[in-house]
$ cat model-v7.txt   # compact mmCIF, C-alpha atoms
# COMPACT_ATOMS: atom_id res chain seq x y z
CA MET A 756 118.46 84.46 47.13
CA PHE A 757 115.04 84.65 48.71
CA PHE A 758 111.94 86.30 47.36
CA ASP A 759 110.23 86.71 50.71
CA ILE A 760 111.14 86.06 54.35
CA LYS A 761 108.53 85.93 57.09
CA LEU A 762 108.97 85.64 60.83
CA LEU A 763 106.16 84.25 62.96
CA LEU A 764 105.89 84.02 66.72
CA PHE A 765 103.43 81.46 68.02
CA ASN A 766 103.11 79.21 71.08
CA ASN A 767 106.74 79.59 72.22
CA PHE A 768 107.95 78.80 68.72
CA ILE A 769 109.68 81.19 66.39
CA THR A 770 109.14 80.28 62.76
CA PHE A 771 111.10 81.55 59.77
CA VAL A 772 109.41 81.11 56.41
CA PHE A 773 111.71 81.59 53.41
CA VAL A 774 110.15 81.78 49.97
CA ASP A 775 112.64 81.73 47.09
CA PHE A 776 112.15 82.91 43.52
CA ASP A 777 110.82 79.50 42.40
CA LYS A 778 108.11 79.97 45.05
CA LYS A 779 109.53 77.07 47.06
CA MET A 780 108.88 77.43 50.74
CA ARG A 781 111.32 76.52 53.48
CA ILE A 782 110.08 76.58 57.04
CA TYR A 783 112.40 76.60 60.05
CA LYS A 784 110.83 76.28 63.48
CA PHE A 785 112.73 76.98 66.69
CA LEU A 786 111.55 76.55 70.24
CA ILE A 787 111.97 79.68 72.32
CA THR A 788 113.88 78.79 75.47
CA GLU A 789 112.85 80.06 78.87
CA GLU A 790 115.86 82.39 79.08
CA TRP A 791 115.01 83.84 75.71
CA SER A 792 111.33 84.42 76.56
CA CYS A 793 112.39 85.95 79.91
CA ALA A 794 114.76 88.27 78.07
CA ARG A 795 111.97 89.24 75.66
CA LEU A 796 109.60 89.88 78.56
CA LEU A 797 112.21 92.02 80.31
CA ASP A 798 112.83 93.93 77.10
CA THR A 799 109.08 94.59 76.68
CA LYS A 800 108.84 95.72 80.30
CA ARG A 801 111.83 98.04 79.83
CA LYS A 802 110.22 99.55 76.74
CA GLN A 803 106.95 100.04 78.62
CA MET A 804 108.82 101.67 81.50
CA ARG A 805 110.60 104.01 79.08
CA LYS A 806 107.24 105.03 77.61
CA ALA A 807 105.79 105.59 81.09
CA ILE A 808 108.76 107.80 82.05
CA LEU A 809 108.39 109.80 78.81
CA PHE A 810 104.65 110.16 79.41
CA LYS A 811 105.20 111.35 82.98
CA THR A 812 107.83 113.88 81.83
CA LEU A 813 105.55 115.26 79.11
CA VAL A 814 102.61 115.56 81.51
CA ASP A 815 104.88 117.30 84.04
CA ILE A 816 106.08 119.77 81.40
CA ILE A 817 102.56 120.58 80.17
CA TYR A 818 101.34 120.95 83.77
CA ILE A 819 104.16 123.33 84.74
CA LEU A 820 103.73 125.37 81.53
CA HIS A 821 99.98 125.66 82.06
CA PHE A 822 100.44 126.56 85.70
CA LEU A 823 102.91 129.31 84.73
CA GLY A 824 100.43 130.50 82.10
CA PHE A 825 97.70 130.58 84.72
CA LEU A 826 99.89 132.67 87.04
CA GLY A 827 100.67 134.93 84.08
CA VAL A 828 96.95 135.49 83.44
CA LEU A 829 96.43 136.30 87.14
CA PHE A 830 99.17 138.93 87.01
CA THR A 831 98.08 140.49 83.71
CA ILE A 832 94.37 140.94 84.59
CA PRO A 833 94.97 143.89 86.96
CA PHE A 834 96.88 145.70 84.18
CA GLY A 835 93.96 145.29 81.78
CA VAL A 836 96.03 143.37 79.24
CA ILE A 837 93.47 140.71 78.46
CA ASN A 838 91.66 139.81 75.32
CA ILE A 839 89.04 137.20 74.63
CA ASN A 840 89.91 135.10 71.65
CA GLN A 841 87.84 135.90 68.57
CA VAL A 842 86.50 139.12 70.13
CA ASN A 843 88.49 142.17 69.13
CA SER A 844 87.36 144.66 71.72
CA GLN A 845 89.17 146.67 74.37
CA LEU A 846 88.73 145.99 78.07
CA GLY A 847 86.90 149.31 78.58
CA GLU A 848 84.28 148.36 76.00
CA TRP A 849 83.38 145.08 77.68
CA ASN A 850 79.82 144.57 78.76
CA LEU A 851 78.48 142.08 81.29
CA PHE A 852 78.35 139.31 78.66
CA PHE A 853 82.09 139.53 77.92
CA TRP A 854 82.94 139.60 81.64
CA LEU A 855 80.78 136.54 82.11
CA ILE A 856 82.54 134.80 79.21
CA THR A 857 85.94 135.62 80.77
CA PHE A 858 84.86 134.39 84.16
CA ILE A 859 83.50 131.10 82.78
CA SER A 860 86.65 130.65 80.65
CA PHE A 861 88.71 131.13 83.77
CA ILE A 862 86.72 128.47 85.62
CA ALA A 863 87.02 126.11 82.61
CA TYR A 864 90.78 126.67 82.66
CA LEU A 865 90.90 125.89 86.38
CA ILE A 866 88.97 122.66 85.77
CA PHE A 867 91.40 121.79 82.97
CA LEU A 868 94.36 122.41 85.31
CA ARG A 869 92.78 120.13 87.90
CA GLY A 870 92.33 117.47 85.21
CA LEU A 871 96.01 117.81 84.33
CA TYR A 872 96.87 117.47 88.02
CA PHE A 873 94.99 114.16 88.21
CA LEU A 874 96.65 113.00 84.99
CA ARG A 875 100.02 113.83 86.52
CA LYS A 876 99.10 111.89 89.65
CA MET A 877 98.05 108.94 87.48
CA ALA A 878 101.34 109.11 85.56
CA ARG A 879 103.23 108.95 88.85
CA PHE A 880 101.43 105.73 89.80
CA LEU A 881 102.01 104.40 86.29
CA LEU A 882 105.75 104.37 87.01
CA SER A 883 105.19 101.73 89.71
CA ASN A 884 104.04 99.37 86.89
CA LYS A 885 100.78 98.56 88.71
CA TYR A 886 98.40 99.17 85.83
CA PHE A 887 95.35 97.77 87.60
CA SER A 888 95.73 99.68 90.86
CA VAL A 889 92.79 101.64 92.27
CA ASN A 890 94.85 104.87 92.25
CA ILE A 891 95.41 104.71 88.51
CA ILE A 892 91.75 103.90 87.78
CA HIS A 893 90.37 106.66 90.03
CA ASN A 894 92.81 109.33 88.90
CA LEU A 895 92.23 108.47 85.23
CA LYS A 896 88.47 108.74 85.74
CA LYS A 897 88.78 112.06 87.59
CA SER A 898 91.10 113.42 84.91
CA GLY A 899 88.67 112.28 82.19
CA ASN A 900 85.71 113.89 83.97
CA HIS A 901 87.58 117.20 84.30
CA PHE A 902 88.65 117.18 80.64
CA LEU A 903 85.11 116.36 79.59
CA TYR A 904 83.68 119.27 81.63
CA THR A 905 86.33 121.64 80.24
CA GLY A 906 85.56 120.51 76.70
CA ILE A 907 81.81 120.97 77.14
CA ILE A 908 82.17 124.41 78.80
CA SER A 909 84.67 125.60 76.15
CA PHE A 910 82.40 124.36 73.36
CA ILE A 911 79.42 126.21 74.89
CA LEU A 912 81.57 129.36 75.15
CA VAL A 913 82.60 129.13 71.49
CA ILE A 914 78.94 128.81 70.51
CA ALA A 915 77.95 131.69 72.84
CA ILE A 916 80.57 133.97 71.27
CA TRP A 917 79.40 132.97 67.79
CA ILE A 918 75.77 133.76 68.70
CA SER A 919 76.81 137.08 70.25
CA LYS A 920 78.48 137.96 66.94
CA LEU A 921 75.20 137.20 65.16
CA TYR A 922 73.47 139.75 67.42
CA GLY A 923 76.17 142.26 66.48
CA ASN A 924 75.25 141.76 62.80
CA GLN A 925 78.38 139.74 62.12
CA PHE A 926 78.15 136.31 60.55
CA GLU A 927 81.36 134.31 60.66
CA LEU A 928 81.98 130.69 59.89
CA ILE A 929 85.43 130.02 61.27
CA TYR A 930 86.89 126.55 61.11
CA ASP A 931 89.94 126.84 63.32
CA ILE A 932 91.67 125.51 66.40
CA ASN A 933 89.30 127.39 68.76
CA LEU A 934 86.54 125.00 67.77
CA LEU A 935 88.67 121.88 67.48
CA ILE A 936 90.38 122.02 70.90
CA PRO A 937 87.13 121.80 72.94
CA LEU A 938 85.96 118.93 70.74
CA PHE A 939 89.29 117.17 71.14
CA LEU A 940 89.24 117.71 74.91
CA THR A 941 85.72 116.24 75.09
CA ILE A 942 86.85 113.19 73.09
CA ILE A 943 89.97 112.75 75.26
CA GLY A 944 87.91 113.11 78.44
CA MET A 945 85.41 110.50 77.28
CA PHE A 946 88.22 108.18 76.24
CA PHE A 947 89.83 108.47 79.69
CA ILE A 948 86.51 107.66 81.37
CA ILE A 949 85.97 104.64 79.09
CA GLN A 950 89.58 103.57 79.65
CA SER A 951 89.20 103.78 83.43
CA ASN A 952 86.01 101.68 83.23
CA THR A 953 87.87 99.14 81.10
CA LEU A 954 90.73 99.06 83.60
CA ASN A 955 88.22 98.58 86.40
CA LEU A 956 86.72 95.57 84.57
CA ALA A 957 90.22 94.25 83.85
CA LYS A 958 91.11 94.63 87.54
CA GLY A 959 88.14 92.42 88.49
CA LEU A 960 89.10 89.81 85.90
CA LYS A 961 92.73 89.90 87.03
CA GLU A 962 91.69 89.43 90.65
CA GLU A 963 89.54 86.48 89.63
CA ASN A 964 92.40 85.02 87.63
CA ASP A 965 94.87 85.55 90.48
CA LEU A 966 92.51 83.86 92.93
CA THR A 967 91.96 80.85 90.68
CA VAL A 968 93.93 77.93 92.01
CA MET B 1043 81.25 82.58 99.06
CA ALA B 1044 78.45 80.05 99.21
CA ILE B 1045 80.93 77.27 98.51
CA LYS B 1046 83.10 76.35 101.47
CA ILE B 1047 86.25 74.28 101.18
CA HIS B 1048 87.10 71.86 103.96
CA LEU B 1049 90.68 71.28 102.98
CA ASP B 1050 92.06 71.74 106.50
CA VAL B 1051 89.68 69.05 107.80
CA MET B 1052 90.80 66.59 105.13
CA LEU B 1053 94.46 67.45 105.76
CA ALA B 1054 93.98 66.75 109.48
CA LYS B 1055 92.20 63.44 108.71
CA ARG B 1056 95.04 62.33 106.44
CA LYS B 1057 97.63 63.76 108.87
CA MET B 1058 99.26 65.63 106.05
CA LYS B 1059 100.88 69.06 106.10
CA SER B 1060 99.93 71.85 103.69
CA LYS B 1061 103.47 72.03 102.41
CA GLU B 1062 103.47 68.33 101.54
CA LEU B 1063 100.15 68.61 99.73
CA ALA B 1064 101.37 71.66 97.80
CA GLU B 1065 104.41 69.70 96.68
CA ILE B 1066 102.37 66.65 95.63
CA VAL B 1067 99.72 68.70 93.80
CA GLY B 1068 102.29 71.01 92.22
CA ILE B 1069 100.91 74.34 93.38
CA THR B 1070 102.58 76.97 95.51
CA ALA B 1071 102.07 77.11 99.28
CA ALA B 1072 100.62 80.61 98.80
CA ASN B 1073 97.96 79.29 96.43
CA LEU B 1074 97.12 76.44 98.79
CA SER B 1075 96.78 78.97 101.59
CA ILE B 1076 94.34 80.99 99.41
CA LEU B 1077 92.37 77.80 98.89
CA LYS B 1078 92.39 76.91 102.59
CA SER B 1079 91.37 80.36 103.77
CA GLY B 1080 88.40 80.45 101.38
CA LYS B 1081 89.69 83.48 99.47
CA ALA B 1082 89.86 81.54 96.19
CA LYS B 1083 87.27 82.55 93.60
CA ALA B 1084 87.66 79.46 91.42
CA ILE B 1085 89.42 76.13 91.29
CA ARG B 1086 90.56 74.33 88.17
CA PHE B 1087 89.29 70.79 87.64
CA SER B 1088 92.89 69.67 87.19
CA THR B 1089 93.87 71.10 90.61
CA LEU B 1090 90.79 69.58 92.24
CA ALA B 1091 91.58 66.22 90.65
CA SER B 1092 95.18 66.39 91.90
CA ILE B 1093 94.06 67.29 95.44
CA CYS B 1094 91.50 64.46 95.44
CA LYS B 1095 94.18 62.05 94.22
CA ALA B 1096 96.67 63.22 96.85
CA LEU B 1097 94.16 63.06 99.71
CA ASP B 1098 92.37 59.98 98.36
CA CYS B 1099 88.95 61.54 98.60
CA GLN B 1100 86.04 62.80 96.49
CA PRO B 1101 85.36 66.43 95.52
CA ALA B 1102 82.25 66.31 97.74
CA ASP B 1103 84.50 65.66 100.73
CA LEU B 1104 86.28 68.93 100.06
CA LEU B 1105 83.55 71.23 98.79
CA VAL B 1106 80.38 72.09 100.69
CA TYR B 1107 77.54 74.38 99.66
CA SER B 1108 76.05 76.54 102.40
CA GLU B 1109 73.51 79.40 102.32
CA GLU B 1110 75.14 82.80 102.68
CA ASP B 1111 74.21 84.97 105.67
$ encode --input "model-v7.txt" --output "structure tokens"
Amino acid sequence: MFFDIKLLLFNNFITFVFVDFDKKMRIYKFLITEEWSCARLLDTKRKQMRKAILFKTLVDIIYILHFLGFLGVLFTIPFGVININQVNSQLGEWNLFFWLITFISFIAYLIFLRGLYFLRKMARFLLSNKYFSVNIIHNLKKSGNHFLYTGIISFILVIAIWISKLYGNQFELIYDINLLIPLFLTIIGMFFIIQSNTLNLAKGLKEENDLTV
Amino acid sequence: MAIKIHLDVMLAKRKMKSKELAEIVGITAANLSILKSGKAKAIRFSTLASICKALDCQPADLLVYSEED
């Protein structure tokens, strides 16, 4: 019986370390053959491919759902069935400020949809397994920029609504998803931009490595 | 690149083909072509040593520094 078993992978060697109850160590070292390492590489690639396919499917689903939602909003506006989140007022009572908020929200949503479109485009290129291609880097950057703008605009809108409530003699401190989503979108957007910059640097290094004889 | 490689000149002097050199040095013909065309961004000392050994020459015979236009 063994107390502890450890498996280490290092420099084409697979090492099993068995520690029994008397704390005696037995080490077995095996050289990984070329076929084995090829099989492992193929397995890793297959797993990566599976993840890329899942990612593309999820992005497709979210894009289609958002696009349908956008069409739904377009169709419901003429019937007056629209309500700004956090503001419980009827369409007839809206002043210029609320119309402005709606209009800016609409633009922010359009920017978000465009960001999703670029993310979808990037996911499509991701399936070709060329992680350092210009298409992936550019689309990721564009998507990040759009998400960042959406996040900033949405955050400003949330603050504007909060200030408008102060003018209406209402003081509310709400910690909910309406505040967190813009922040999250901003973070995601910035991450995408940083990631695209990193990929761009990696592309240069890869080129240099490929052209080293 | 400010560094030019005169591999084709040395190959012609030694009357050797690129394919032969690639086989002796142990690099692919594609990599040797990158080296010959001047597209290479770097060369390993080990590769340079092998090429010098195969062509019986010095690194200075292969590499030349020239001002960029």
$ interface_residues --input "model-v7.txt" --of "chain A" --to "chain B" --cutoff "7 Å" --atoms "all atoms listed in the file" --output "PyMOL selection string"
chain A and resi 963+966-968
$ residues_around --input "model-v7.txt" --residues "B:Val1051" --least-positions-apart "3" --cutoff "12 Å" --atoms "only C-alpha atoms" --output "PyMOL selection string"
chain B and resi 1046-1048+1054-1060+1078+1097+1099+1103-1105
$ closest_residue --input "model-v7.txt" --among "B:Tyr1107, B:Ala1044, B:Ala1102, B:Asp1050" --to "B:Leu1063" --atoms "all atoms listed in the file"
B:Asp1050
$ atom_distance --input "model-v7.txt" --atom1 "atom CA of A:Trp917" --atom2 "atom CA of A:Gly870"
26.7 Å
$ atom_distance --input "model-v7.txt" --atom1 "atom CA of A:Phe858" --atom2 "atom CA of A:Arg875"
25.7 Å
$ residues_near_point --input "model-v7.txt" --point "(95.3, 120.0, 73.0)" --cutoff "12 Å" --atoms "all atoms listed in the file" --output "list in words"
Ile817, His821, Phe867, Leu871, Phe902, Thr905, Gly906, Ile932, Asn933, Leu934, Leu935, Ile936, Pro937, Leu938, Phe939, Leu940, Thr941, Ile942, Ile943 and Gly944 of chain A
